[in-house]
>>> print(open('my_file_12.txt').read())   # compact mmCIF, C-alpha atoms and all ligand atoms
# COMPACT_ATOMS: atom_id res chain seq x y z
CA MET X 1 31.08 25.48 -115.27
CA THR X 2 30.20 22.48 -113.19
CA SER X 3 30.03 19.94 -115.98
CA GLN X 4 32.15 17.41 -114.10
CA LEU X 5 29.23 17.03 -111.71
CA ILE X 6 26.86 15.78 -114.40
CA ASP X 7 26.35 12.05 -114.17
CA GLN X 8 28.21 10.02 -116.81
CA HIS X 9 24.89 8.48 -117.76
CA GLU X 10 23.75 11.89 -119.06
CA TYR X 11 26.65 12.00 -121.52
CA THR X 12 25.54 8.63 -122.85
CA ARG X 13 22.04 10.06 -123.26
CA ALA X 14 23.52 13.06 -125.06
CA GLY X 15 25.35 10.75 -127.46
CA ASN X 16 22.14 8.87 -128.17
CA LEU X 17 20.28 12.12 -128.72
CA THR X 18 22.92 13.31 -131.19
CA ARG X 19 22.53 10.10 -133.18
CA ARG X 20 18.76 10.35 -133.10
CA PHE X 21 18.92 13.99 -134.21
CA THR X 22 21.00 12.97 -137.20
CA GLU X 23 18.45 10.31 -138.13
CA VAL X 24 15.54 12.75 -137.82
CA TYR X 25 17.03 15.81 -139.53
CA GLY X 26 19.69 14.31 -141.81
CA HIS X 27 22.67 16.12 -140.27
CA ALA X 28 24.40 16.46 -136.91
CA PRO X 29 23.31 19.03 -134.28
CA ASP X 30 25.49 21.98 -133.28
CA GLY X 31 25.39 20.75 -129.68
CA VAL X 32 23.41 19.25 -126.83
CA TRP X 33 22.16 21.19 -123.79
CA TRP X 34 20.80 19.97 -120.48
CA ALA X 35 18.32 21.68 -118.14
CA PRO X 36 17.07 20.07 -114.93
CA GLY X 37 13.63 20.00 -113.39
CA ARG X 38 13.34 21.07 -109.78
CA VAL X 39 11.92 20.17 -106.43
CA ASN X 40 10.95 22.93 -104.06
CA LEU X 41 12.44 21.94 -100.71
CA ILE X 42 10.46 24.63 -98.88
CA GLY X 43 8.84 28.02 -99.56
CA GLU X 44 5.48 27.30 -101.17
CA HIS X 45 3.15 30.04 -102.47
CA THR X 46 5.66 32.62 -101.26
CA ASP X 47 7.11 33.52 -104.68
CA TYR X 48 4.24 35.76 -105.81
CA ASN X 49 4.29 37.43 -102.39
CA ASP X 50 7.86 38.72 -102.87
CA GLY X 51 8.98 36.07 -100.39
CA PHE X 52 11.62 33.36 -100.06
CA VAL X 53 11.93 29.98 -101.74
CA LEU X 54 14.46 27.15 -101.48
CA PRO X 55 14.25 24.83 -104.50
CA PHE X 56 16.93 22.52 -105.83
CA ALA X 57 17.68 21.37 -109.37
CA ILE X 58 17.20 17.62 -109.70
CA ASP X 59 18.95 14.86 -111.58
CA ARG X 60 16.09 14.62 -114.06
CA ALA X 61 16.39 16.93 -116.99
CA ALA X 62 15.28 18.05 -120.41
CA MET X 63 17.97 17.56 -123.02
CA VAL X 64 17.89 19.30 -126.39
CA ALA X 65 20.02 18.81 -129.48
CA VAL X 66 19.88 21.93 -131.65
CA ARG X 67 21.19 23.01 -135.04
CA LEU X 68 20.81 26.56 -136.36
CA ARG X 69 19.87 26.92 -140.01
CA ARG X 70 22.72 28.30 -142.07
CA ALA X 71 22.43 31.23 -144.47
CA GLY X 72 21.46 29.95 -147.89
CA GLU X 73 19.66 26.85 -146.61
CA PRO X 74 15.99 26.48 -147.53
CA ASN X 75 13.38 27.93 -145.12
CA PRO X 76 15.94 29.99 -143.13
CA GLU X 77 13.31 31.16 -140.61
CA ALA X 78 11.60 27.82 -140.05
CA VAL X 79 11.82 26.17 -136.62
CA GLU X 80 11.30 22.39 -136.54
CA LEU X 81 10.73 20.74 -133.16
CA ALA X 82 10.54 17.08 -132.22
CA SER X 83 10.18 15.42 -128.83
CA THR X 84 10.51 11.84 -127.71
CA TYR X 85 7.53 12.49 -125.41
CA ALA X 86 5.09 11.41 -128.07
CA PRO X 87 1.44 10.46 -128.23
CA GLU X 88 0.63 6.75 -127.96
CA GLY X 89 1.71 4.92 -131.13
CA GLU X 90 3.91 7.74 -132.48
CA ARG X 91 7.68 7.83 -132.36
CA LEU X 92 8.02 11.59 -131.98
CA ALA X 93 5.81 14.58 -131.26
CA ARG X 94 6.44 17.22 -133.93
CA ALA X 95 5.82 20.96 -134.06
CA ARG X 96 6.77 23.69 -136.50
CA PHE X 97 6.66 27.49 -136.69
CA THR X 98 8.48 30.39 -138.32
CA VAL X 99 10.29 33.02 -136.29
CA PRO X 100 8.60 36.13 -137.67
CA GLY X 101 4.90 36.26 -136.98
CA LEU X 102 4.89 34.21 -133.77
CA THR X 103 1.66 35.06 -131.95
CA PRO X 104 1.35 34.68 -128.17
CA GLY X 105 -1.30 32.17 -127.11
CA ALA X 106 -1.83 30.95 -130.67
CA ASP X 107 -0.43 27.49 -130.01
CA GLY X 108 -1.56 25.64 -126.90
CA ASP X 109 0.62 22.67 -127.73
CA TRP X 110 4.06 21.86 -126.30
CA GLY X 111 5.74 23.83 -129.09
CA ALA X 112 4.55 26.96 -127.26
CA TYR X 113 7.35 26.56 -124.68
CA PRO X 114 10.27 26.77 -127.15
CA ALA X 115 8.28 29.24 -129.26
CA GLY X 116 7.82 31.51 -126.23
CA VAL X 117 11.57 31.54 -125.71
CA VAL X 118 12.18 32.39 -129.37
CA HIS X 119 9.58 35.15 -129.13
CA VAL X 120 11.22 36.88 -126.13
CA LEU X 121 14.73 36.53 -127.57
CA ALA X 122 13.63 37.90 -130.96
CA GLY X 123 12.14 40.86 -129.07
CA LEU X 124 15.52 41.89 -127.61
CA ASP X 125 17.45 44.76 -129.20
CA ASN X 126 19.92 43.63 -131.84
CA VAL X 127 18.98 39.97 -131.60
CA LYS X 128 17.99 38.06 -134.69
CA VAL X 129 16.93 34.46 -134.16
CA PRO X 130 17.34 32.30 -137.26
CA GLY X 131 15.38 29.12 -137.87
CA PHE X 132 16.64 25.97 -136.20
CA GLU X 133 15.99 22.29 -135.67
CA LEU X 134 15.55 20.89 -132.17
CA LEU X 135 15.15 17.40 -130.75
CA LEU X 136 14.00 17.12 -127.12
CA ASP X 137 14.27 14.20 -124.76
CA SER X 138 13.33 14.73 -121.11
CA THR X 139 13.45 12.58 -117.99
CA VAL X 140 11.36 15.07 -115.99
CA PRO X 141 7.93 13.48 -115.56
CA VAL X 142 5.26 15.65 -117.17
CA GLY X 143 2.66 17.19 -114.88
CA ALA X 144 4.19 15.84 -111.65
CA GLY X 145 4.97 19.30 -110.33
CA LEU X 146 8.69 18.95 -111.04
CA SER X 147 8.54 21.65 -113.68
CA SER X 148 8.99 19.70 -116.88
CA SER X 149 7.75 22.77 -118.75
CA HIS X 150 10.46 25.06 -117.37
CA ALA X 151 13.09 22.46 -118.12
CA VAL X 152 12.04 22.65 -121.78
CA GLU X 153 12.16 26.45 -121.77
CA VAL X 154 15.49 26.61 -119.98
CA ALA X 155 17.11 24.01 -122.23
CA THR X 156 15.95 26.04 -125.23
CA ILE X 157 17.19 29.38 -123.91
CA VAL X 158 20.65 28.14 -122.85
CA ALA X 159 21.07 26.48 -126.25
CA LEU X 160 20.11 29.62 -128.17
CA ASN X 161 22.14 31.84 -125.83
CA ASP X 162 25.25 29.81 -126.61
CA LEU X 163 24.60 29.30 -130.32
CA LEU X 164 23.76 32.97 -130.97
CA GLY X 165 26.56 34.22 -128.69
CA LEU X 166 24.11 36.36 -126.72
CA ASP X 167 26.05 36.25 -123.46
CA LEU X 168 22.91 36.59 -121.35
CA GLY X 169 23.47 36.08 -117.62
CA ARG X 170 21.61 33.41 -115.69
CA PRO X 171 19.30 35.84 -113.84
CA ALA X 172 18.47 37.51 -117.17
CA MET X 173 17.60 34.14 -118.71
CA ALA X 174 15.38 33.37 -115.71
CA LEU X 175 13.44 36.59 -116.30
CA LEU X 176 13.18 35.97 -120.04
CA THR X 177 11.82 32.45 -119.61
CA GLN X 178 9.34 33.77 -117.06
CA GLN X 179 8.26 36.38 -119.59
CA ALA X 180 7.93 33.63 -122.22
CA GLU X 181 5.75 31.58 -119.92
CA ASN X 182 3.62 34.51 -118.70
CA ASP X 183 3.15 36.41 -121.95
CA PHE X 184 3.45 33.75 -124.63
CA VAL X 185 2.30 30.46 -123.11
CA GLY X 186 -0.14 32.36 -120.88
CA ALA X 187 0.67 30.72 -117.54
CA PRO X 188 0.96 33.16 -114.59
CA THR X 189 4.02 31.50 -113.03
CA GLY X 190 6.76 33.05 -110.91
CA ILE X 191 10.54 33.05 -111.18
CA MET X 192 11.43 30.09 -108.96
CA ASP X 193 11.41 27.16 -111.34
CA GLN X 194 13.58 28.68 -114.04
CA SER X 195 15.98 30.04 -111.43
CA ALA X 196 16.47 26.60 -109.91
CA SER X 197 17.05 25.07 -113.34
CA LEU X 198 19.50 27.81 -114.36
CA MET X 199 21.36 28.45 -111.11
CA GLY X 200 21.18 25.16 -109.21
CA ARG X 201 24.42 23.52 -108.07
CA ALA X 202 25.15 19.87 -107.39
CA GLY X 203 24.86 19.21 -103.67
CA GLY X 204 23.09 22.48 -102.95
CA ALA X 205 19.71 24.18 -102.82
CA LEU X 206 19.09 27.65 -104.24
CA PHE X 207 17.89 30.27 -101.78
CA LEU X 208 16.03 32.88 -103.79
CA ASP X 209 14.64 36.18 -102.60
CA CYS X 210 11.75 36.66 -105.01
CA ARG X 211 11.69 40.42 -104.38
CA THR X 212 15.31 41.33 -105.10
CA LEU X 213 15.98 38.18 -107.18
CA GLU X 214 19.19 37.76 -105.18
CA SER X 215 20.11 34.14 -104.79
CA HIS X 216 22.76 31.98 -103.24
CA VAL X 217 23.49 28.31 -102.95
CA VAL X 218 22.94 26.62 -99.58
CA PRO X 219 24.70 23.31 -98.91
CA LEU X 220 22.42 20.28 -99.08
CA PRO X 221 24.78 17.32 -98.54
CA LEU X 222 22.07 14.67 -98.34
CA ALA X 223 24.12 11.59 -99.14
CA GLU X 224 26.97 12.60 -96.81
CA HIS X 225 24.50 12.71 -93.94
CA GLY X 226 22.76 9.46 -94.86
CA PHE X 227 19.61 11.05 -96.29
CA THR X 228 17.73 10.89 -99.53
CA VAL X 229 14.77 12.86 -100.85
CA LEU X 230 11.95 10.67 -102.11
CA VAL X 231 9.50 12.17 -104.57
CA ILE X 232 6.03 10.69 -104.33
CA ASP X 233 4.18 11.54 -107.53
CA THR X 234 0.49 11.04 -106.76
CA LYS X 235 -0.30 11.27 -110.50
CA VAL X 236 -3.45 13.22 -109.68
CA ALA X 237 -4.19 16.71 -110.98
CA HIS X 238 -7.36 18.08 -109.46
CA SER X 239 -9.40 20.19 -111.79
CA HIS X 240 -9.70 23.17 -109.45
CA ALA X 241 -5.91 23.75 -109.51
CA ASP X 242 -6.00 26.80 -111.80
CA GLY X 243 -8.96 28.41 -110.10
CA GLY X 244 -7.52 27.60 -106.68
CA TYR X 245 -4.19 29.20 -107.58
CA ALA X 246 -5.85 32.38 -108.82
CA ALA X 247 -8.04 32.54 -105.72
CA ARG X 248 -5.01 32.18 -103.40
CA ARG X 249 -3.17 34.97 -105.19
CA ALA X 250 -6.27 37.17 -104.89
CA SER X 251 -6.50 36.42 -101.13
CA CYS X 252 -2.88 37.48 -100.67
CA GLU X 253 -3.44 40.71 -102.58
CA ARG X 254 -6.55 41.44 -100.53
CA GLY X 255 -4.68 40.70 -97.31
CA ALA X 256 -1.78 42.98 -98.26
CA ALA X 257 -4.15 45.79 -99.26
CA THR X 258 -6.10 45.56 -95.99
CA LEU X 259 -2.87 45.55 -94.00
CA GLY X 260 -1.68 48.58 -95.96
CA VAL X 261 1.44 47.02 -97.50
CA ALA X 262 2.56 46.54 -101.08
CA SER X 263 3.10 42.81 -100.60
CA LEU X 264 2.96 40.30 -97.76
CA ARG X 265 6.76 40.46 -97.61
CA ASP X 266 6.35 43.81 -95.86
CA VAL X 267 4.11 42.53 -93.07
CA PRO X 268 5.96 42.62 -89.71
CA ALA X 269 6.28 39.29 -87.90
CA ASP X 270 4.19 40.48 -84.93
CA VAL X 271 1.30 41.79 -87.06
CA ASP X 272 -2.23 41.60 -85.72
CA LEU X 273 -4.34 39.77 -88.31
CA ALA X 274 -7.62 40.68 -86.60
CA ALA X 275 -8.40 43.24 -89.30
CA LEU X 276 -8.74 40.39 -91.83
CA ASP X 277 -11.61 38.02 -92.28
CA GLU X 278 -10.96 34.54 -90.94
CA GLU X 279 -10.07 32.93 -94.29
CA THR X 280 -7.80 35.74 -95.47
CA ALA X 281 -6.05 35.72 -92.09
CA ARG X 282 -5.21 32.04 -92.53
CA ARG X 283 -3.90 32.61 -96.06
CA VAL X 284 -1.71 35.46 -94.84
CA ARG X 285 -0.53 33.44 -91.84
CA HIS X 286 0.65 30.68 -94.17
CA VAL X 287 2.75 33.09 -96.19
CA LEU X 288 4.29 34.74 -93.11
CA THR X 289 5.09 31.47 -91.35
CA GLU X 290 6.35 29.86 -94.57
CA ASN X 291 8.84 32.69 -95.15
CA ALA X 292 10.07 32.21 -91.59
CA ARG X 293 10.41 28.46 -92.17
CA VAL X 294 12.50 29.03 -95.29
CA LEU X 295 14.90 31.24 -93.34
CA ALA X 296 15.06 28.69 -90.50
CA THR X 297 15.75 25.89 -93.02
CA VAL X 298 18.64 27.87 -94.52
CA GLU X 299 20.06 28.48 -91.06
CA ARG X 300 19.91 24.80 -90.13
CA LEU X 301 21.44 23.70 -93.42
CA ARG X 302 24.27 26.19 -92.94
CA SER X 303 25.02 24.61 -89.58
CA GLY X 304 25.00 21.14 -91.16
CA ASP X 305 21.77 20.03 -89.50
CA ILE X 306 20.03 18.06 -92.24
CA ALA X 307 17.76 16.06 -89.94
CA GLY X 308 16.72 19.29 -88.24
CA ILE X 309 15.00 20.63 -91.33
CA GLY X 310 12.57 17.71 -91.27
CA GLU X 311 10.21 19.30 -88.76
CA LEU X 312 10.16 22.50 -90.82
CA LEU X 313 9.14 20.58 -93.94
CA THR X 314 6.36 18.84 -92.03
CA ALA X 315 5.18 22.14 -90.52
CA SER X 316 5.10 23.60 -94.04
CA HIS X 317 2.80 20.79 -95.11
CA ALA X 318 0.45 21.37 -92.17
CA SER X 319 0.29 25.07 -93.00
CA LEU X 320 -0.42 24.40 -96.69
CA ARG X 321 -3.08 21.88 -95.72
CA ASP X 322 -4.84 23.80 -92.94
CA ASP X 323 -4.18 27.50 -93.50
CA TYR X 324 -3.66 27.71 -97.25
CA GLU X 325 -5.88 24.75 -98.16
CA VAL X 326 -4.02 23.67 -101.28
CA SER X 327 -3.31 20.06 -100.32
CA CYS X 328 -5.55 17.12 -101.21
CA PRO X 329 -6.22 13.68 -99.72
CA GLU X 330 -3.59 11.99 -101.91
CA LEU X 331 -0.83 14.40 -100.82
CA ASP X 332 -1.87 14.19 -97.16
CA LEU X 333 -1.83 10.40 -97.35
CA ALA X 334 1.64 10.37 -98.94
CA VAL X 335 3.02 12.70 -96.26
CA GLU X 336 1.44 10.84 -93.33
CA ALA X 337 2.50 7.40 -94.54
CA ALA X 338 6.08 8.57 -95.17
CA LEU X 339 6.38 10.16 -91.72
CA ALA X 340 4.92 7.12 -89.98
CA ALA X 341 7.48 4.88 -91.71
CA GLY X 342 10.53 6.92 -90.69
CA ALA X 343 10.84 9.98 -92.94
CA VAL X 344 12.14 12.87 -90.77
CA GLY X 345 10.06 15.42 -92.70
CA ALA X 346 7.59 15.44 -95.58
CA ARG X 347 5.47 17.92 -97.46
CA MET X 348 3.59 18.53 -100.64
CA THR X 349 5.78 20.38 -103.15
CA GLY X 350 4.64 22.64 -105.96
CA GLY X 351 1.34 24.45 -106.24
CA GLY X 352 -0.79 21.67 -104.74
CA PHE X 353 -4.18 20.14 -105.60
CA GLY X 354 -2.26 17.07 -106.77
CA GLY X 355 1.27 16.61 -108.07
CA SER X 356 4.06 15.40 -105.84
CA ALA X 357 5.10 15.23 -102.21
CA ILE X 358 8.68 14.96 -100.97
CA ALA X 359 9.92 12.96 -98.01
CA LEU X 360 13.31 13.58 -96.41
CA THR X 361 14.23 10.03 -95.54
CA PRO X 362 17.21 8.35 -93.87
CA VAL X 363 18.71 6.02 -96.46
CA SER X 364 18.31 3.27 -93.87
CA HIS X 365 14.52 3.76 -94.02
CA GLU X 366 14.06 4.27 -97.75
CA ARG X 367 12.59 0.85 -98.38
CA GLN X 368 10.18 1.07 -95.44
CA VAL X 369 8.96 4.48 -96.54
CA ARG X 370 8.40 3.37 -100.12
CA GLU X 371 6.50 0.30 -98.98
CA ALA X 372 4.42 2.18 -96.42
CA VAL X 373 3.34 4.79 -98.96
CA LEU X 374 2.40 2.16 -101.55
CA HIS X 375 0.59 0.18 -98.87
CA GLY X 376 -1.31 3.28 -97.74
CA PHE X 377 -2.49 3.98 -101.28
CA ALA X 378 -3.37 0.35 -101.97
CA GLY X 379 -5.72 0.38 -98.98
CA THR X 380 -7.76 3.25 -100.38
CA GLY X 381 -8.30 2.18 -103.98
CA LEU X 382 -6.34 5.22 -105.22
CA GLN X 383 -3.96 4.63 -108.12
CA ALA X 384 -0.45 3.77 -106.97
CA PRO X 385 1.94 6.73 -106.88
CA ASP X 386 5.34 6.77 -108.58
CA ILE X 387 8.12 6.96 -106.02
CA PHE X 388 11.71 7.85 -106.87
CA THR X 389 14.73 9.55 -105.34
CA VAL X 390 16.16 12.87 -106.50
CA LEU X 391 19.58 14.41 -105.92
CA PRO X 392 20.46 18.12 -105.88
CA ALA X 393 21.96 18.52 -109.36
CA SER X 394 23.83 21.14 -111.39
CA GLY X 395 22.09 23.91 -113.27
CA ALA X 396 21.55 24.01 -117.03
CA GLN X 397 24.59 23.65 -119.25
CA GLN X 398 25.96 22.42 -122.55
CA LEU X 399 27.06 18.79 -122.45
P1 LIG E 1 4.94 20.45 -115.07
O1 LIG E 1 4.58 20.52 -113.63
O2 LIG E 1 5.53 19.13 -115.41
O3 LIG E 1 5.77 21.60 -115.52
P2 LIG E 1 3.05 21.65 -116.86
O4 LIG E 1 1.63 21.37 -117.14
O5 LIG E 1 3.44 23.01 -116.41
O6 LIG E 1 3.55 20.54 -115.84
O7 LIG E 1 3.92 21.37 -118.15
C1 LIG E 1 3.77 20.19 -118.87
C2 LIG E 1 3.78 20.52 -120.35
O8 LIG E 1 5.13 20.86 -120.75
C3 LIG E 1 3.41 19.36 -121.23
O9 LIG E 1 2.00 19.26 -121.37
C4 LIG E 1 4.09 19.73 -122.53
O10 LIG E 1 3.36 20.72 -123.22
C5 LIG E 1 5.39 20.36 -122.05
N1 LIG E 1 6.45 19.35 -121.94
C6 LIG E 1 7.13 18.98 -120.85
N2 LIG E 1 8.05 18.02 -121.13
C7 LIG E 1 7.94 17.78 -122.46
C8 LIG E 1 8.58 16.89 -123.39
N3 LIG E 1 9.54 16.06 -122.99
N4 LIG E 1 8.17 16.94 -124.68
C9 LIG E 1 7.21 17.76 -125.08
N5 LIG E 1 6.58 18.61 -124.28
C10 LIG E 1 6.92 18.64 -122.98
MG MG E 2 5.09 23.63 -115.42
>>> encode(input="my_file_12.txt", output="structure tokens")
Amino acid sequence: MTSQLIDQHEYTRAGNLTRRFTEVYGHAPDGVWWAPGRVNLIGEHTDYNDGFVLPFAIDRAAMVAVRLRRAGEPNPEAVELASTYAPEGERLARARFTVPGLTPGADGDWGAYPAGVVHVLAGLDNVKVPGFELLLDSTVPVGAGLSSSHAVEVATIVALNDLLGLDLGRPAMALLTQQAENDFVGAPTGIMDQSASLMGRAGGALFLDCRTLESHVVPLPLAEHGFTVLVIDTKVAHSHADGGYAARRASCERGAATLGVASLRDVPADVDLAALDEETARRVRHVLTENARVLATVERLRSGDIAGIGELLTASHASLRDDYEVSCPELDLAVEAALAAGAVGARMTGGGFGGSAIALTPVSHERQVREAVLHGFAGTGLQAPDIFTVLPASGAQQL
């Protein structure tokens, strides 16, 4: 695997986590596994339309230390979970369940993510999941749209895959974690986030065809070309996000049905959208143009043109804002301020209605962009965003 590309700092974290695990559970873990969050470079709201996405795994990750219960130990089917992401005043968040009798949707707490993974694995032929102890520590900010939840699921599945000797392939693990999230946690998410976390490569983005699930790595040599990607976490989550997401999916289904195709992937580029009502036509137009932008981004990256993808990112934002209507004032402000200060491209990333924007920024302009964004927010009375850089990192692995 690509373990040499994991930052040395992460091995230090793994050592600390091992020590902490031993304090918490009274014995050493069987190992430590690492699963990154992701940023979607481009290809937004295309996944559930059988379209194209281009995310990359980032250098912020969930790390889990895990130890399987041995035969003859007490409570052989008990799963004990602890996370350093704890409520105010507590050292750890704890959760507990037993492998048999896991009920989908029963637990709305964070333990549902690892439990969902256990549930889908235990449902496979000839797989028996014993009890285990797990300690989680993640550097993926929660709720920022960088997929902290998938990082937890992916870290759990790669750990159990290795410890139980299941030999599941990466695409299979992506599908299983999706199933865990859809059927157990109850979130109707696609396949992109887990795929990026499982199949990302340092210095690359993952092109994923959400219909065939074929994927390949596209070079994204940011540093070599003097660029960085800034994440601007607006720290807002607008309450209509869930309803808005469901409504957008329904619009796409309606559009596809009216156009007589199974999914918007099958709509020809020169289609006449006049048969659709005005709003549905705009929703469909976003999906069609976004797929085309993903393909154009891949082409430019393949020819080494990093700066050239900037205009595609910015066009993606305009389409999400105007045609798909999933942006919000905070995201628009972040994008506009970043572009005005020298970013070559910027867009909201993730589902929208809050969360984060990304700005492809020349390293020479990083400071100006950061300052301009903070200044823009300060002038409006909005809470200051968190701004940090991300690098295209390796996919999930044992450390
Ligand atoms: P995101 O965009 O970050 O994935 P979600 O709302 O989908 O946002 O997932 C966030 C949820 O994932 C948290 O509320 C929590 O249940 C779980 N989660 C993520 N990271 C951790 C962590 N380090 N410890 C415990 N739970 C976590
Ligand atoms: Mg999530």
>>> residues_near_ligand(input="my_file_12.txt", ligand="ligand MG 2 (chain E)", cutoff="10 Å", atoms="all atoms listed in the file", output="PyMOL selection string")
chain X and resi 37+113+142-153+181+187+189+193-194+350-351
>>> closest_residue(input="my_file_12.txt", among="X:Gly354, X:Asp386, X:Arg94, X:Pro104", to="Val236 (chain X)", atoms="only C-alpha atoms")
X:Gly354
>>> residues_around(input="my_file_12.txt", residues="Leu399 (chain X)", least_positions_apart="4", cutoff="8 Å", atoms="all atoms listed in the file", output="MDAnalysis selection string")
chainID X and resid 3 11 14 31:34
>>> residues_around(input="my_file_12.txt", residues="Ile58 (chain X)", least_positions_apart="3", cutoff="6 Å", atoms="only C-alpha atoms", output="NGL selection string")
:X and (36-38 or 390-393)
>>> closest_residue(input="my_file_12.txt", among="X:Gly395, X:Gly89, X:Gly131, X:Gly355", to="ligand LIG 1 (chain E)", atoms="only C-alpha atoms and all ligand atoms")
X:Gly355
>>> atom_distance(input="my_file_12.txt", atom1="CA of Ser197 (chain X)", atom2="CA of Val154 (chain X)")
7.0 Å
>>> atom_distance(input="my_file_12.txt", atom1="CA of Val39 (chain X)", atom2="CA of Ala57 (chain X)")
6.6 Å
>>> closest_residue(input="my_file_12.txt", among="X:Glu336, X:Asp242, X:Glu366, X:Glu133", to="ligand LIG 1 (chain E)", atoms="only C-alpha atoms and all ligand atoms")
X:Asp242
>>> residues_around(input="my_file_12.txt", residues="Thr389 (chain X)", least_positions_apart="2", cutoff="10 Å", atoms="all atoms listed in the file", output="ChimeraX atom specification")
/X:58-59,228-232,358-361,366,387,391
>>> write_last_selection(input="my_file_12.txt", atoms="C-alpha atoms", output="short mmCIF file (atom, residue, chain, number, x, y, z; two decimals), keeping the file's coordinate frame")
data_model
loop_
_atom_site.label_atom_id
_atom_site.label_comp_id
_atom_site.auth_asym_id
_atom_site.auth_seq_id
_atom_site.Cartn_x
_atom_site.Cartn_y
_atom_site.Cartn_z
CA ILE X 58 17.20 17.62 -109.70
CA ASP X 59 18.95 14.86 -111.58
CA THR X 228 17.73 10.89 -99.53
CA VAL X 229 14.77 12.86 -100.85
CA LEU X 230 11.95 10.67 -102.11
CA VAL X 231 9.50 12.17 -104.57
CA ILE X 232 6.03 10.69 -104.33
CA ILE X 358 8.68 14.96 -100.97
CA ALA X 359 9.92 12.96 -98.01
CA LEU X 360 13.31 13.58 -96.41
CA THR X 361 14.23 10.03 -95.54
CA GLU X 366 14.06 4.27 -97.75
CA ILE X 387 8.12 6.96 -106.02
CA LEU X 391 19.58 14.41 -105.92
#
>>> atom_distance(input="my_file_12.txt", atom1="CA of Phe353 (chain X)", atom2="CA of Phe377 (chain X)")
16.8 Å
